[in-house]
>>> print(open('work.cif').read())   # mmCIF, C-alpha atoms and all ligand atoms
data_data
#
loop_
_atom_site.label_atom_id
_atom_site.label_comp_id
_atom_site.auth_asym_id
_atom_site.auth_seq_id
_atom_site.Cartn_x
_atom_site.Cartn_y
_atom_site.Cartn_z
CA MET A 1 17.25 9.82 23.88
CA ASP A 2 17.88 6.14 23.44
CA ALA A 3 17.29 4.93 19.92
CA THR A 4 15.71 1.49 19.83
CA PHE A 5 15.76 1.54 16.05
CA PRO A 6 18.44 2.82 13.68
CA SER A 7 17.65 6.36 12.61
CA ARG A 8 16.91 5.31 9.04
CA ASP A 9 13.83 3.46 10.28
CA LEU A 10 10.67 5.46 10.73
CA VAL A 11 8.51 3.87 13.42
CA GLN A 12 4.71 4.18 13.38
CA ALA A 13 5.25 5.55 9.91
CA ARG A 14 2.57 6.59 7.50
CA THR A 15 2.34 3.97 4.79
CA PRO A 16 -0.23 3.03 2.16
CA LEU A 17 0.38 -0.58 3.19
CA ARG A 18 -2.74 -2.41 4.38
CA CYS A 19 -3.32 -6.00 5.37
CA PRO A 20 -3.63 -7.83 2.03
CA VAL A 21 -5.98 -10.38 3.57
CA CYS A 22 -8.57 -8.26 5.37
CA GLY A 23 -7.67 -4.77 4.13
CA GLY A 24 -7.34 -3.54 7.68
CA ALA A 25 -4.90 -0.92 8.90
CA LEU A 26 -1.58 -2.26 10.14
CA GLU A 27 0.02 -1.69 13.52
CA GLU A 28 3.68 -1.12 14.35
CA THR A 29 4.30 0.19 10.85
CA LEU A 30 7.92 0.68 9.84
CA VAL A 31 9.42 2.43 6.84
CA ARG A 32 13.09 1.87 6.15
CA ASP A 33 14.84 4.20 3.76
CA VAL A 34 17.18 2.10 1.66
CA GLY A 35 17.80 4.67 -1.03
CA GLY A 36 19.20 8.15 -0.80
CA VAL A 37 22.20 7.19 -2.91
CA THR A 38 20.76 8.34 -6.19
CA ALA A 39 19.03 11.70 -6.20
CA GLY A 40 15.33 11.42 -6.86
CA LEU A 41 15.22 7.69 -6.30
CA VAL A 42 12.65 6.49 -3.80
CA TRP A 43 13.75 3.19 -2.33
CA GLN A 44 11.96 2.12 0.81
CA LEU A 45 10.89 -0.97 2.64
CA HIS A 46 7.47 -0.78 4.26
CA ALA A 47 6.31 -3.20 6.92
CA GLY A 48 3.42 -3.51 9.33
CA ARG A 49 1.50 -6.02 11.40
CA CYS A 50 -2.14 -7.00 11.16
CA PRO A 51 -3.38 -8.13 14.61
CA GLU A 52 -5.09 -11.05 12.93
CA HIS A 53 -2.88 -11.96 9.95
CA GLY A 54 0.64 -11.09 11.05
CA TRP A 55 3.47 -9.16 9.43
CA PHE A 56 3.61 -7.97 5.86
CA GLN A 57 6.16 -6.02 3.93
CA THR A 58 6.87 -4.62 0.51
CA GLU A 59 9.55 -2.71 -1.34
CA VAL A 60 9.12 0.61 -3.11
CA ILE A 61 11.67 1.49 -5.79
CA SER A 62 10.40 4.69 -7.43
CA ARG A 63 7.22 2.85 -8.40
CA PRO A 64 4.33 1.42 -6.40
CA PRO A 65 5.01 -2.14 -5.25
CA ARG A 66 3.97 -5.07 -7.43
CA GLU A 67 3.48 -7.47 -4.55
CA ILE A 68 2.94 -7.53 -0.80
CA PHE A 69 4.73 -10.31 1.03
CA PRO A 70 3.82 -12.07 4.26
CA VAL A 71 6.91 -12.15 6.49
CA ASN A 72 7.79 -13.62 9.88
CA LYS A 73 8.98 -10.24 11.20
CA PRO A 74 9.68 -6.75 9.82
CA PHE A 75 12.29 -7.03 7.07
CA GLY A 76 12.52 -10.73 7.87
CA ALA A 77 12.06 -13.90 5.88
CA ALA A 78 9.04 -14.58 3.72
CA ARG A 79 6.44 -16.88 5.22
CA ARG A 80 3.81 -19.04 3.63
CA MET A 81 0.19 -18.24 4.23
CA VAL A 82 -2.97 -20.19 3.57
CA VAL A 83 -5.89 -17.98 2.55
CA ASP A 84 -9.23 -19.61 1.80
CA GLY A 85 -7.50 -22.95 1.55
CA ARG A 86 -4.90 -21.74 -0.93
CA GLU A 87 -1.20 -21.28 -0.40
CA VAL A 88 -0.18 -17.68 -0.89
CA PHE A 89 3.40 -16.48 -1.11
CA SER A 90 2.63 -12.95 -2.22
CA PHE A 91 -0.30 -10.67 -2.94
CA PRO A 92 -0.14 -8.89 -6.34
CA THR A 93 -1.21 -5.26 -6.24
CA VAL A 94 -3.40 -3.23 -8.55
CA TRP A 95 -0.19 -1.68 -9.90
CA ASN A 96 0.97 -5.13 -11.00
CA THR A 97 -2.14 -5.57 -13.14
CA LEU A 98 -1.88 -2.26 -15.03
CA PRO A 99 -0.88 -2.30 -18.70
CA LEU A 100 2.84 -1.75 -19.30
CA ALA A 101 2.27 1.63 -20.93
CA GLN A 102 0.62 2.82 -17.74
CA GLN A 103 3.39 1.40 -15.58
CA ARG A 104 5.95 3.46 -17.52
CA GLN A 105 4.22 6.66 -16.53
CA ARG A 106 5.62 8.59 -13.63
CA VAL A 107 3.30 8.18 -10.67
CA ASP A 108 3.52 8.80 -6.97
CA PRO A 109 4.93 5.50 -5.65
CA LEU A 110 3.05 6.07 -2.40
CA ASP A 111 -0.34 6.57 -4.03
CA GLU A 112 -2.47 4.11 -2.08
CA ARG A 113 -4.74 3.39 -5.03
CA TYR A 114 -1.95 1.34 -6.59
CA TRP A 115 -1.21 -0.49 -3.36
CA ARG A 116 -4.59 -2.19 -3.17
CA ILE A 117 -4.57 -5.91 -3.68
CA ALA A 118 -5.65 -6.96 -7.13
CA PRO A 119 -8.83 -9.04 -7.05
CA MET A 120 -7.99 -12.71 -7.33
CA THR A 121 -10.20 -13.46 -10.28
CA GLY A 122 -9.92 -14.59 -13.88
CA GLU A 123 -6.61 -16.06 -14.96
CA HIS A 124 -5.20 -15.89 -11.45
CA GLU A 125 -7.91 -18.11 -10.06
CA VAL A 126 -6.75 -21.68 -9.43
CA TYR A 127 -9.16 -24.45 -8.70
ZN ZN A 201 -5.58 -8.76 8.32
#
>>> encode(input="work.cif", output="C-alpha cells")
Amino acid sequence: MDATFPSRDLVQARTPLRCPVCGGALEETLVRDVGGVTAGLVWQLHAGRCPEHGWFQTEVISRPPREIFPVNKPFGAARRMVVDGREVFSFPTVWNTLPLAQQRQRVDPLDERYWRIAPMTGEHEVY
C-alpha cells in the first residue's frame, strides 16, 4: 500500500474540531500524533477544512485546546481572517474561559464540550 501521509498522521480522523466560524463539520480532517514520548501524555495536532471558511488547526497537550487557529494548510502557517468585519487570529474555546481551578482538573482533552468556541461577548467584544 502506498502511504501518501506519514503513518503518524491519521487521515479522515475523528476530531472534536469544528469550524470556529460556522460550527460546521470539517472535511479532510487530520490528527497528527506528536507525543508518545512521555507515557500518558496526549500531544496531538488536529486540523480540518471547512468548505466555506478554509483550514483550521489546534494543538492538544493533555488538555483541551485554548484556541483554534485559521491556517493556510494543515499544520501550516497561521492566516488572518476577517469575521464580521473584525480581524481574527485565533478563536478562544470554552476551555479557555473556564476558571483556573476547573482547568487544573483532569478532563478528557477530546471532550467536544470544551472545544466549542467561546461566545465573543463581554470583555472580548471590541467596537
Ligand atoms: Zn465554516
>>> residues_near_ligand(input="work.cif", ligand="ligand ZN 201 (chain A)", cutoff="7 Å", atoms="all atoms listed in the file", output="list in words")
Cys19, Pro20, Val21, Cys22, Gly23, Gly24, Cys50, Pro51, Glu52 and His53 of chain A
>>> atom_distance(input="work.cif", atom1="CA of Gly48 in chain A", atom2="CA of Arg86 in chain A")
22.5 Å
>>> residues_around(input="work.cif", residues="range 67-72 of chain A", least_positions_apart="3", cutoff="12 Å", atoms="all atoms listed in the file", output="ChimeraX atom specification")
/A:16-21,45-50,53-60,63-64,75-83,87-97,114-118
>>> closest_residue(input="work.cif", among="A:Arg8, A:Arg14, A:Lys73, A:Arg104", to="Asp33 in chain A", atoms="all atoms listed in the file")
A:Arg8
>>> residues_around(input="work.cif", residues="Leu10 in chain A", least_positions_apart="3", cutoff="8 Å", atoms="only C-alpha atoms", output="PyMOL selection string")
chain A and resi 7+13+30-32
>>> atom_distance(input="work.cif", atom1="CA of Trp43 in chain A", atom2="CA of Glu28 in chain A")
20.0 Å
>>> atom_distance(input="work.cif", atom1="CA of Val107 in chain A", atom2="CA of Gly35 in chain A")
17.8 Å
>>> build_atoms(input="work.cif", residues="range 90-120 of chain A", atoms="N, CA and C atoms", output="PDB file, keeping the file's coordinate frame")
ATOM      1  N   SER A  90       2.628 -14.398  -2.065  1.00  0.00           N
ATOM      2  CA  SER A  90       2.630 -12.950  -2.220  1.00  0.00           C
ATOM      3  C   SER A  90       1.263 -12.514  -2.724  1.00  0.00           C
ATOM      4  N   PHE A  91       0.981 -11.228  -2.529  1.00  0.00           N
ATOM      5  CA  PHE A  91      -0.300 -10.670  -2.940  1.00  0.00           C
ATOM      6  C   PHE A  91      -0.037  -9.602  -4.005  1.00  0.00           C
ATOM      7  N   PRO A  92      -0.355  -9.885  -5.280  1.00  0.00           N
ATOM      8  CA  PRO A  92      -0.140  -8.890  -6.340  1.00  0.00           C
ATOM      9  C   PRO A  92      -1.026  -7.665  -6.121  1.00  0.00           C
ATOM     10  N   THR A  93      -0.475  -6.506  -6.425  1.00  0.00           N
ATOM     11  CA  THR A  93      -1.210  -5.260  -6.240  1.00  0.00           C
ATOM     12  C   THR A  93      -1.905  -4.830  -7.525  1.00  0.00           C
ATOM     13  N   VAL A  94      -2.747  -3.816  -7.389  1.00  0.00           N
ATOM     14  CA  VAL A  94      -3.400  -3.230  -8.550  1.00  0.00           C
ATOM     15  C   VAL A  94      -2.345  -2.742  -9.555  1.00  0.00           C
ATOM     16  N   TRP A  95      -1.270  -2.179  -9.028  1.00  0.00           N
ATOM     17  CA  TRP A  95      -0.190  -1.680  -9.900  1.00  0.00           C
ATOM     18  C   TRP A  95       0.318  -2.793 -10.815  1.00  0.00           C
ATOM     19  N   ASN A  96       0.452  -3.981 -10.255  1.00  0.00           N
ATOM     20  CA  ASN A  96       0.970  -5.130 -11.000  1.00  0.00           C
ATOM     21  C   ASN A  96       0.089  -5.496 -12.186  1.00  0.00           C
ATOM     22  N   THR A  97      -1.199  -5.154 -12.096  1.00  0.00           N
ATOM     23  CA  THR A  97      -2.140  -5.570 -13.140  1.00  0.00           C
ATOM     24  C   THR A  97      -2.307  -4.502 -14.221  1.00  0.00           C
ATOM     25  N   LEU A  98      -1.713  -3.327 -14.038  1.00  0.00           N
ATOM     26  CA  LEU A  98      -1.880  -2.260 -15.030  1.00  0.00           C
ATOM     27  C   LEU A  98      -1.122  -2.593 -16.311  1.00  0.00           C
ATOM     28  N   PRO A  99      -1.608  -2.101 -17.445  1.00  0.00           N
ATOM     29  CA  PRO A  99      -0.880  -2.300 -18.700  1.00  0.00           C
ATOM     30  C   PRO A  99       0.505  -1.649 -18.622  1.00  0.00           C
ATOM     31  N   LEU A 100       1.456  -2.228 -19.349  1.00  0.00           N
ATOM     32  CA  LEU A 100       2.840  -1.750 -19.300  1.00  0.00           C
ATOM     33  C   LEU A 100       2.961  -0.256 -19.575  1.00  0.00           C
ATOM     34  N   ALA A 101       2.193   0.216 -20.562  1.00  0.00           N
ATOM     35  CA  ALA A 101       2.270   1.630 -20.930  1.00  0.00           C
ATOM     36  C   ALA A 101       1.960   2.510 -19.716  1.00  0.00           C
ATOM     37  N   GLN A 102       0.998   2.064 -18.931  1.00  0.00           N
ATOM     38  CA  GLN A 102       0.620   2.820 -17.740  1.00  0.00           C
ATOM     39  C   GLN A 102       1.693   2.725 -16.657  1.00  0.00           C
ATOM     40  N   GLN A 103       2.343   1.572 -16.593  1.00  0.00           N
ATOM     41  CA  GLN A 103       3.390   1.400 -15.580  1.00  0.00           C
ATOM     42  C   GLN A 103       4.625   2.243 -15.892  1.00  0.00           C
ATOM     43  N   ARG A 104       4.786   2.641 -17.167  1.00  0.00           N
ATOM     44  CA  ARG A 104       5.950   3.460 -17.520  1.00  0.00           C
ATOM     45  C   ARG A 104       5.738   4.915 -17.162  1.00  0.00           C
ATOM     46  N   GLN A 105       4.482   5.282 -16.916  1.00  0.00           N
ATOM     47  CA  GLN A 105       4.220   6.660 -16.530  1.00  0.00           C
ATOM     48  C   GLN A 105       4.784   6.942 -15.152  1.00  0.00           C
ATOM     49  N   ARG A 106       5.102   8.199 -14.943  1.00  0.00           N
ATOM     50  CA  ARG A 106       5.620   8.590 -13.630  1.00  0.00           C
ATOM     51  C   ARG A 106       4.439   8.802 -12.697  1.00  0.00           C
ATOM     52  N   VAL A 107       4.386   8.041 -11.642  1.00  0.00           N
ATOM     53  CA  VAL A 107       3.300   8.180 -10.670  1.00  0.00           C
ATOM     54  C   VAL A 107       3.914   8.310  -9.280  1.00  0.00           C
ATOM     55  N   ASP A 108       3.088   8.743  -8.361  1.00  0.00           N
ATOM     56  CA  ASP A 108       3.520   8.800  -6.970  1.00  0.00           C
ATOM     57  C   ASP A 108       3.599   7.363  -6.450  1.00  0.00           C
ATOM     58  N   PRO A 109       4.810   6.897  -6.092  1.00  0.00           N
ATOM     59  CA  PRO A 109       4.930   5.500  -5.650  1.00  0.00           C
ATOM     60  C   PRO A 109       4.158   5.220  -4.363  1.00  0.00           C
ATOM     61  N   LEU A 110       3.777   6.275  -3.648  1.00  0.00           N
ATOM     62  CA  LEU A 110       3.050   6.070  -2.400  1.00  0.00           C
ATOM     63  C   LEU A 110       1.551   6.319  -2.543  1.00  0.00           C
ATOM     64  N   ASP A 111       1.093   6.403  -3.786  1.00  0.00           N
ATOM     65  CA  ASP A 111      -0.340   6.570  -4.030  1.00  0.00           C
ATOM     66  C   ASP A 111      -1.058   5.272  -3.672  1.00  0.00           C
ATOM     67  N   GLU A 112      -1.895   5.345  -2.630  1.00  0.00           N
ATOM     68  CA  GLU A 112      -2.470   4.110  -2.080  1.00  0.00           C
ATOM     69  C   GLU A 112      -3.394   3.373  -3.053  1.00  0.00           C
ATOM     70  N   ARG A 113      -3.868   4.078  -4.075  1.00  0.00           N
ATOM     71  CA  ARG A 113      -4.740   3.390  -5.030  1.00  0.00           C
ATOM     72  C   ARG A 113      -4.020   2.225  -5.714  1.00  0.00           C
ATOM     73  N   TYR A 114      -2.715   2.397  -5.918  1.00  0.00           N
ATOM     74  CA  TYR A 114      -1.950   1.340  -6.590  1.00  0.00           C
ATOM     75  C   TYR A 114      -1.538   0.220  -5.652  1.00  0.00           C
ATOM     76  N   TRP A 115      -1.659   0.492  -4.357  1.00  0.00           N
ATOM     77  CA  TRP A 115      -1.210  -0.490  -3.360  1.00  0.00           C
ATOM     78  C   TRP A 115      -2.291  -1.504  -3.019  1.00  0.00           C
ATOM     79  N   ARG A 116      -3.517  -1.250  -3.486  1.00  0.00           N
ATOM     80  CA  ARG A 116      -4.590  -2.190  -3.170  1.00  0.00           C
ATOM     81  C   ARG A 116      -4.287  -3.539  -3.799  1.00  0.00           C
ATOM     82  N   ILE A 117      -4.805  -4.569  -3.174  1.00  0.00           N
ATOM     83  CA  ILE A 117      -4.570  -5.910  -3.680  1.00  0.00           C
ATOM     84  C   ILE A 117      -5.476  -6.161  -4.871  1.00  0.00           C
ATOM     85  N   ALA A 118      -4.872  -6.667  -5.938  1.00  0.00           N
ATOM     86  CA  ALA A 118      -5.650  -6.960  -7.130  1.00  0.00           C
ATOM     87  C   ALA A 118      -6.623  -8.084  -6.814  1.00  0.00           C
ATOM     88  N   PRO A 119      -7.864  -7.975  -7.297  1.00  0.00           N
ATOM     89  CA  PRO A 119      -8.830  -9.040  -7.050  1.00  0.00           C
ATOM     90  C   PRO A 119      -8.336 -10.363  -7.633  1.00  0.00           C
ATOM     91  N   MET A 120      -8.464 -11.402  -6.849  1.00  0.00           N
ATOM     92  CA  MET A 120      -7.990 -12.710  -7.330  1.00  0.00           C
ATOM     93  C   MET A 120      -9.078 -13.367  -8.160  1.00  0.00           C
TER      94      MET A 120
END
